[in-house]
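First comes the structure, then the notes that go with it.
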2 protein chains.
Amino acid sequence: MNFEIIKELSVTSPEKIVMLVLDGLGGLPDLKSGKSELETAVIPNLDAVAAEGICGLADPVAPGITPGSGPGHLALFGYDPLVNRIGRGVLEAVGIDIELGPDDMAARGNFCTVDDKGIITDRRAGRISTEKCIELCKILDGMKIEGVDIKLYPVREHRFVAVFRGSNLDIHISESDPSRTGVAPMEIKAEIPAAKNTADIVNKFIARTKDVLSTNQPANMILLRGFAKKPQLLSMKEIYKLNTLAIAAYPMYRGLARLVGMGVADTRAGIEEKIKTLKKNYQKYDFFFLHIKLTDTAGEDGDFTRKVKLLEEVDVALPALTALKPDVLVVTGDHSTPAVFSGHSWHPVPVAISSKYCRTDGVGEFSENAFISGGLGRIHATEIMPLAMANARKLIKFGA
Amino acid sequence: MNFEIIKELSVTSPEKIVMLVLDGLGGLPDLKSGKSELETAVIPNLDAVAAEGICGLADPVAPGITPGSGPGHLALFGYDPLVNRIGRGVLEAVGIDIELGPDDMAARGNFCTVDDKGIITDRRAGRISTEKCIELCKILDGMKIEGVDIKLYPVREHRFVAVFRGSNLDIHISESDPSRTGVAPMEIKAEIPAAKNTADIVNKFIARTKDVLSTNQPANMILLRGFAKKPQLLSMKEIYKLNTLAIAAYPMYRGLARLVGMGVADTRAGIEEKIKTLKKNYQKYDFFFLHIKLTDTAGEDGDFTRKVKLLEEVDVALPALTALKPDVLVVTGDHSTPAVFSGHSWHPVPVAISSKYCRTDGVGEFSENAFISGGLGRIHATEIMPLAMANARKLIKFGA
């Protein structure tokens, strides 16, 4: 739905919304038992949320489309991920807590190895240590080319982020990473005439970097891709008139929250710690995004048993959250990460919304299959925020 | 969804998708038994597909809209039928296996009868025999007017297709068929200035035809309508990177498949023959559209019992298809044709998608009512292809 309508209808109210996001929540049945992670886990408190709430399944992007973490979260915050796209460079920057200015252009970088003819022999420079990466970034950091400052930030092993800080940078340039060995890194080319100057600057930066690294082994060259600027998103304050707080430990989710203008809490990892952070800040905000990462990691690792265990840990911690009696509690995920799939998947994500006015359905179990019969039916994930707002009585009547 | 996204995410993979389309699949309950055709038929193999797959109901165009065969199939192939419209002239041409070039303009034609004042007395010229139609088309075929070649193709009885072959033809012209008797055929008029030349040419063609036919009875005049050019559709290869094969016996469905760039197999009619064709070509393609026409014909004829029998025949043949173990099997229809309705209807169409990763639901019976509780919920038919692609692992992740 159009933000213009939501902006027109949204009002502030004392009611509080808590959105608990279990990353990679949806699953698939284990081949032996025929039961999914949620169906296997003993989760009486989550079942109670389902019983008291209205349930359904949400598509973060569209049926059949597997969302990355960026699109998955944008959809939960109400932003259509097909319209509001976040470039790889920006997501990588956000993932290590770099604050990007509106003119900054970010790129993903790899240290790599080239032979004496300039042919790439290893795109990851033998996965150099993170320490080495930090050292090399320090050496290369701070170049200035034609008025553009270039900052290098280490990520992990061979990976880094390059931020080009200057005016009139244009992201419509090609990548230097050919995504394979046996060829030379590609020259950066302008994809539109206005980007010619930017391409020149990046090529000069790569050439200078090559000179500096020439005696270094195995990391004697770099590859750049995913040039992007921060998307200009309306803030959640502008759209929903909410005072928002993100309670997340992983940099990427903290960064995503900042992109939509959320406040970001200092918090320790672990669900008990995060609920403590929630309690501490409960009076000061009216929307809380509480993010749990490890359910996704277990799914990505293909570890069905660990994902089950993590769901049970969340369940044990849940009463400390529900004891706050939020006016609206949303429990969902940013996408499915079935353990049998060992990765993100396209399957719609369970969502339960509990409030005094939610119109409870007959669902009494928090699971993919039980939620098929839920009162929400199959919705688009961008519809969750308007529903949460409505349940919190933060949306006035449309038309007379 | 936007094809741009699918184009961006689609990849080739060895997995094979078989889409079995039972034309006019959905039905309505028989007034006496209260059971639909699918609920009456004994179809254990289709029930097994439902049990192993994920089920739902699909709207080919929109709730309440009754689709023709063109829109129904376009939606199954992922093309929004409201955006990608196929003109009547083109559909009629495609229906008799005429290959249209990009500049060709096609129209539906009727032989009709006019009195000595030029007033239409019979819009169908007493439904002349197909032989007579063939003879008249032969006489009129091959005129050339201002550089435009005009070809006439007989269809059946009084119906024919006229193809105008030349450059700069513009389809924005009015029709000559007033759709009633007691009036003269209408002059063709340009609806936009650029179409004036085309209108002139068509009027000259009609005048010349009237001269040629003047001594003929009862077919002494023609009526033309549905001027259209072939829609410029992206091919399924461009969108999905699929090697596609259509296994259909009726010209219209073969023609529709060609419009989206499918390969079209030589095949005999009958489901066993078509499955043999599938087997023979199984290694060479990764997407198969297998079309069964007769279920629709029985529905159109209002023959409930015959539709039930035909569904049972499909069911008996099905194991030969499933024995190929396609990675993804889709069983659906292009629209509903309830026998009690004796025609196409707006009712959503049952769809089952079976694959290793489909997230099976609790549905165990292949029927309209059972599918209401399916895991797919109620989807748009254009979402079937992205889902089939995802289940075949042919779509990479969207965003990071």
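Residues are named by chain letter and number: chains run A, B, ... in the order of the structure tokens, numbers start at 1 in each chain, and ligands are numbered from 1 in the order shown.
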Handout entry: Near-A:Ala388 list (12 Å; only C-alpha atoms; drop same-chain fewer than 4 positions) as a ChimeraX atom specification
Key = /A:10,15-19,53-54,76-78,240,242,286-288,326-331,351-358,381-384,392-395
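With only C-alpha atoms taken into account, the protein and nucleic acid residues at most 12 Å from A:Asn216 (excluding it and anything under 5 positions from it in its own chain) are A:Phe111, A:Cys112, A:Thr113, A:Val114, A:Asp115, A:Ala125, A:Ile128, A:Lys132, A:Glu135, A:Leu136, A:Ile139, A:Thr209, A:Lys210, A:Asp211, A:Met221, A:Ile222.
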Those same residues, written as a compact mmCIF listing (two decimals), in the first residue's frame with N, CA, C and O atoms?
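So the final result, stored in out_25.txt, reads:
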```txt
# COMPACT_ATOMS: atom_id res chain seq x y z
N PHE A 111 40.24 -8.52 -1.38
CA PHE A 111 41.65 -8.64 -1.75
C PHE A 111 41.77 -9.92 -2.57
O PHE A 111 41.12 -10.94 -2.27
N CYS A 112 42.59 -9.84 -3.65
CA CYS A 112 42.75 -11.01 -4.50
C CYS A 112 44.21 -11.16 -4.90
O CYS A 112 45.05 -10.33 -4.54
N THR A 113 44.50 -12.24 -5.62
CA THR A 113 45.87 -12.48 -6.10
C THR A 113 45.87 -12.47 -7.62
O THR A 113 45.03 -13.12 -8.25
N VAL A 114 46.82 -11.70 -8.20
CA VAL A 114 47.01 -11.75 -9.65
C VAL A 114 48.43 -12.21 -9.94
O VAL A 114 49.34 -12.02 -9.12
N ASP A 115 48.65 -12.82 -11.10
CA ASP A 115 50.01 -13.25 -11.47
C ASP A 115 50.76 -12.09 -12.14
O ASP A 115 50.23 -10.98 -12.23
N ALA A 125 42.48 -14.17 -2.44
CA ALA A 125 43.85 -14.05 -1.91
C ALA A 125 44.10 -15.07 -0.81
O ALA A 125 44.64 -14.74 0.25
N ILE A 128 43.02 -14.43 3.24
CA ILE A 128 43.94 -13.87 4.24
C ILE A 128 43.23 -13.66 5.57
O ILE A 128 42.00 -13.56 5.61
N LYS A 132 45.31 -9.48 8.84
CA LYS A 132 46.01 -9.01 7.64
C LYS A 132 45.13 -8.01 6.88
O LYS A 132 45.62 -6.99 6.39
N GLU A 135 45.23 -4.73 8.52
CA GLU A 135 46.53 -4.09 8.26
C GLU A 135 46.55 -3.46 6.86
O GLU A 135 46.95 -2.29 6.69
N LEU A 136 46.10 -4.22 5.85
CA LEU A 136 46.12 -3.72 4.47
C LEU A 136 45.16 -2.54 4.29
O LEU A 136 45.46 -1.57 3.61
N ILE A 139 46.77 0.56 5.47
CA ILE A 139 47.77 1.08 4.51
C ILE A 139 47.08 1.84 3.38
O ILE A 139 47.53 2.91 2.97
N THR A 209 46.07 1.43 -5.92
CA THR A 209 46.05 0.34 -4.94
C THR A 209 46.95 -0.80 -5.42
O THR A 209 47.71 -1.40 -4.64
N LYS A 210 46.89 -1.09 -6.72
CA LYS A 210 47.71 -2.15 -7.29
C LYS A 210 49.19 -1.84 -7.08
O LYS A 210 49.98 -2.72 -6.70
N ASP A 211 49.57 -0.57 -7.31
CA ASP A 211 50.96 -0.15 -7.08
C ASP A 211 51.38 -0.39 -5.63
O ASP A 211 52.42 -0.98 -5.36
N MET A 221 46.21 -7.36 -5.12
CA MET A 221 45.26 -6.64 -5.98
C MET A 221 43.91 -6.62 -5.28
O MET A 221 43.69 -7.37 -4.32
N ILE A 222 43.00 -5.76 -5.76
CA ILE A 222 41.63 -5.74 -5.21
C ILE A 222 40.60 -5.90 -6.34
O ILE A 222 40.89 -5.65 -7.50
```
Residues within 10 Å of B:Glu39, only C-alpha atoms, excluding chain neighbours under 5 positions, as a short mmCIF file (atom, residue, chain, number, x, y, z; two decimals) with N, CA and C atoms, in the first residue's frame:
```cif
data_model
loop_
_atom_site.label_atom_id
_atom_site.label_comp_id
_atom_site.auth_asym_id
_atom_site.auth_seq_id
_atom_site.Cartn_x
_atom_site.Cartn_y
_atom_site.Cartn_z
N GLY B 27 -14.80 -26.73 -11.63
CA GLY B 27 -16.21 -26.98 -11.90
C GLY B 27 -17.11 -26.43 -10.83
N LEU B 28 -18.35 -26.87 -10.88
CA LEU B 28 -19.36 -26.50 -9.88
C LEU B 28 -20.15 -27.77 -9.53
N PRO B 29 -20.79 -27.80 -8.35
CA PRO B 29 -21.52 -29.02 -7.97
C PRO B 29 -22.70 -29.30 -8.92
N ASP B 30 -22.87 -30.56 -9.18
CA ASP B 30 -24.07 -31.06 -9.88
C ASP B 30 -25.27 -30.79 -8.96
N GLY B 34 -24.76 -32.58 -5.49
CA GLY B 34 -24.05 -31.58 -4.67
C GLY B 34 -22.55 -31.69 -4.77
N VAL B 308 -16.51 -35.76 -16.03
CA VAL B 308 -16.06 -36.67 -14.98
C VAL B 308 -15.24 -37.81 -15.58
N GLU B 365 -7.04 -34.44 -1.26
CA GLU B 365 -8.04 -34.70 -2.29
C GLU B 365 -7.96 -33.58 -3.32
N PHE B 366 -7.97 -33.97 -4.60
CA PHE B 366 -7.87 -32.98 -5.68
C PHE B 366 -9.26 -32.46 -6.01
N SER B 367 -9.64 -31.36 -5.36
CA SER B 367 -10.96 -30.77 -5.65
C SER B 367 -10.99 -29.30 -5.27
N GLU B 368 -11.98 -28.60 -5.80
CA GLU B 368 -12.12 -27.17 -5.55
C GLU B 368 -12.23 -26.90 -4.05
N ASN B 369 -13.10 -27.66 -3.37
CA ASN B 369 -13.35 -27.40 -1.96
C ASN B 369 -12.17 -27.76 -1.07
N ALA B 370 -11.53 -28.89 -1.36
CA ALA B 370 -10.38 -29.29 -0.56
C ALA B 370 -9.25 -28.27 -0.70
#
```
Exercise for the section: For A:Lys151, work out the shell of residues within 12 Å, counting only C-alpha atoms and skipping chain neighbours fewer than 5 positions away, then give it as a ChimeraX atom specification. Expected result: /A:93,98,100,104-107,109,137-145,160-166,205
Taking only residues of chain B that have an atom at most 8 Å from an atom of chain A, what is each one's shortest atom pair and its distance in Å to one decimal, using only C-alpha atoms, in chain and number order, as a tab-separated table?
```
residue	atom	partner	partner_atom	distance
B:Met1	CA	A:Ala62	CA	7.4
B:Tyr357	CA	A:Leu28	CA	7.5
B:Arg359	CA	A:Leu28	CA	5.9
B:Asp361	CA	A:Asn369	CA	6.3
B:Gly362	CA	A:Asn369	CA	7.6
B:Ser373	CA	A:Ser373	CA	6.7
B:Gly374	CA	A:Ile372	CA	7.2
B:Gly375	CA	A:Ile372	CA	5.7
B:Leu376	CA	A:Arg378	CA	8.0
B:Gly377	CA	A:Arg378	CA	6.3
B:Arg378	CA	A:Arg378	CA	7.8
B:Glu383	CA	A:Pro63	CA	6.2
B:Pro386	CA	A:Gly64	CA	4.9
B:Leu387	CA	A:Gly64	CA	4.2
B:Ala388	CA	A:Gly64	CA	7.5
B:Met389	CA	A:Gly64	CA	7.2
B:Ala390	CA	A:Gly64	CA	5.1
B:Asn391	CA	A:Gly64	CA	7.8
B:Leu395	CA	A:Ile65	CA	7.2
B:Ile396	CA	A:Thr66	CA	7.0
B:Lys397	CA	A:Thr66	CA	4.9
B:Phe398	CA	A:Pro67	CA	5.0
B:Gly399	CA	A:Gly68	CA	4.8
B:Ala400	CA	A:Gly68	CA	4.3
```
With C-alpha atoms retained, could you export that selection as a PDB file, in the first residue's frame?
```pdb
ATOM      1  CA  MET B   1       5.352  -9.190 -10.501  1.00  0.00           C
ATOM      2  CA  TYR B 357      10.669 -28.459  -1.354  1.00  0.00           C
ATOM      3  CA  ARG B 359       6.044 -27.510   1.887  1.00  0.00           C
ATOM      4  CA  ASP B 361      -0.099 -28.987   3.327  1.00  0.00           C
ATOM      5  CA  GLY B 362      -2.859 -31.185   4.775  1.00  0.00           C
ATOM      6  CA  SER B 373      -7.523 -25.123   2.795  1.00  0.00           C
ATOM      7  CA  GLY B 374      -4.357 -25.558   0.744  1.00  0.00           C
ATOM      8  CA  GLY B 375      -1.018 -24.023   1.643  1.00  0.00           C
ATOM      9  CA  LEU B 376      -0.910 -21.865  -1.468  1.00  0.00           C
ATOM     10  CA  GLY B 377      -4.083 -20.137  -0.424  1.00  0.00           C
ATOM     11  CA  ARG B 378      -5.693 -18.088  -3.147  1.00  0.00           C
ATOM     12  CA  GLU B 383       2.372 -16.489  -9.503  1.00  0.00           C
ATOM     13  CA  PRO B 386       7.653 -18.063 -10.122  1.00  0.00           C
ATOM     14  CA  LEU B 387       6.623 -20.744  -7.615  1.00  0.00           C
ATOM     15  CA  ALA B 388       7.433 -23.541 -10.063  1.00  0.00           C
ATOM     16  CA  MET B 389      10.777 -21.892 -10.810  1.00  0.00           C
ATOM     17  CA  ALA B 390      11.573 -21.554  -7.086  1.00  0.00           C
ATOM     18  CA  ASN B 391      10.703 -25.195  -6.444  1.00  0.00           C
ATOM     19  CA  LEU B 395      15.570 -18.472  -8.945  1.00  0.00           C
ATOM     20  CA  ILE B 396      18.453 -17.043  -6.939  1.00  0.00           C
ATOM     21  CA  LYS B 397      18.052 -14.878  -3.860  1.00  0.00           C
ATOM     22  CA  PHE B 398      16.690 -11.348  -4.216  1.00  0.00           C
ATOM     23  CA  GLY B 399      18.986  -8.837  -2.510  1.00  0.00           C
ATOM     24  CA  ALA B 400      21.492  -9.674   0.181  1.00  0.00           C
TER      25      ALA B 400
END
```
Practice task
Name the residues of stretch 36-232 of chain B that come out as helix (DSSP H, G or I) in a backbone DSSP run; write them as a VMD selection string.
Solution key: chain B and resid 37 to 40 44 to 52 69 to 76 88 to 94 130 to 140 193 to 213
Problem - Selection: 6 Å around stretch 186-192 of chain B, only C-alpha atoms, excl. self and same-chain fewer than 6 positions, as a PyMOL selection string - result: chain B and resi 172-176+199
Practice task
Tell me which of A:Val314, A:Val42, A:Met262, A:Ile206 sits closest to A:Ala246, counting only C-alpha atoms.
Solution key: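 Of A:Val314, A:Val42, A:Met262, A:Ile206, the one nearest A:Ala246 is A:Met262, counting only C-alpha atoms.
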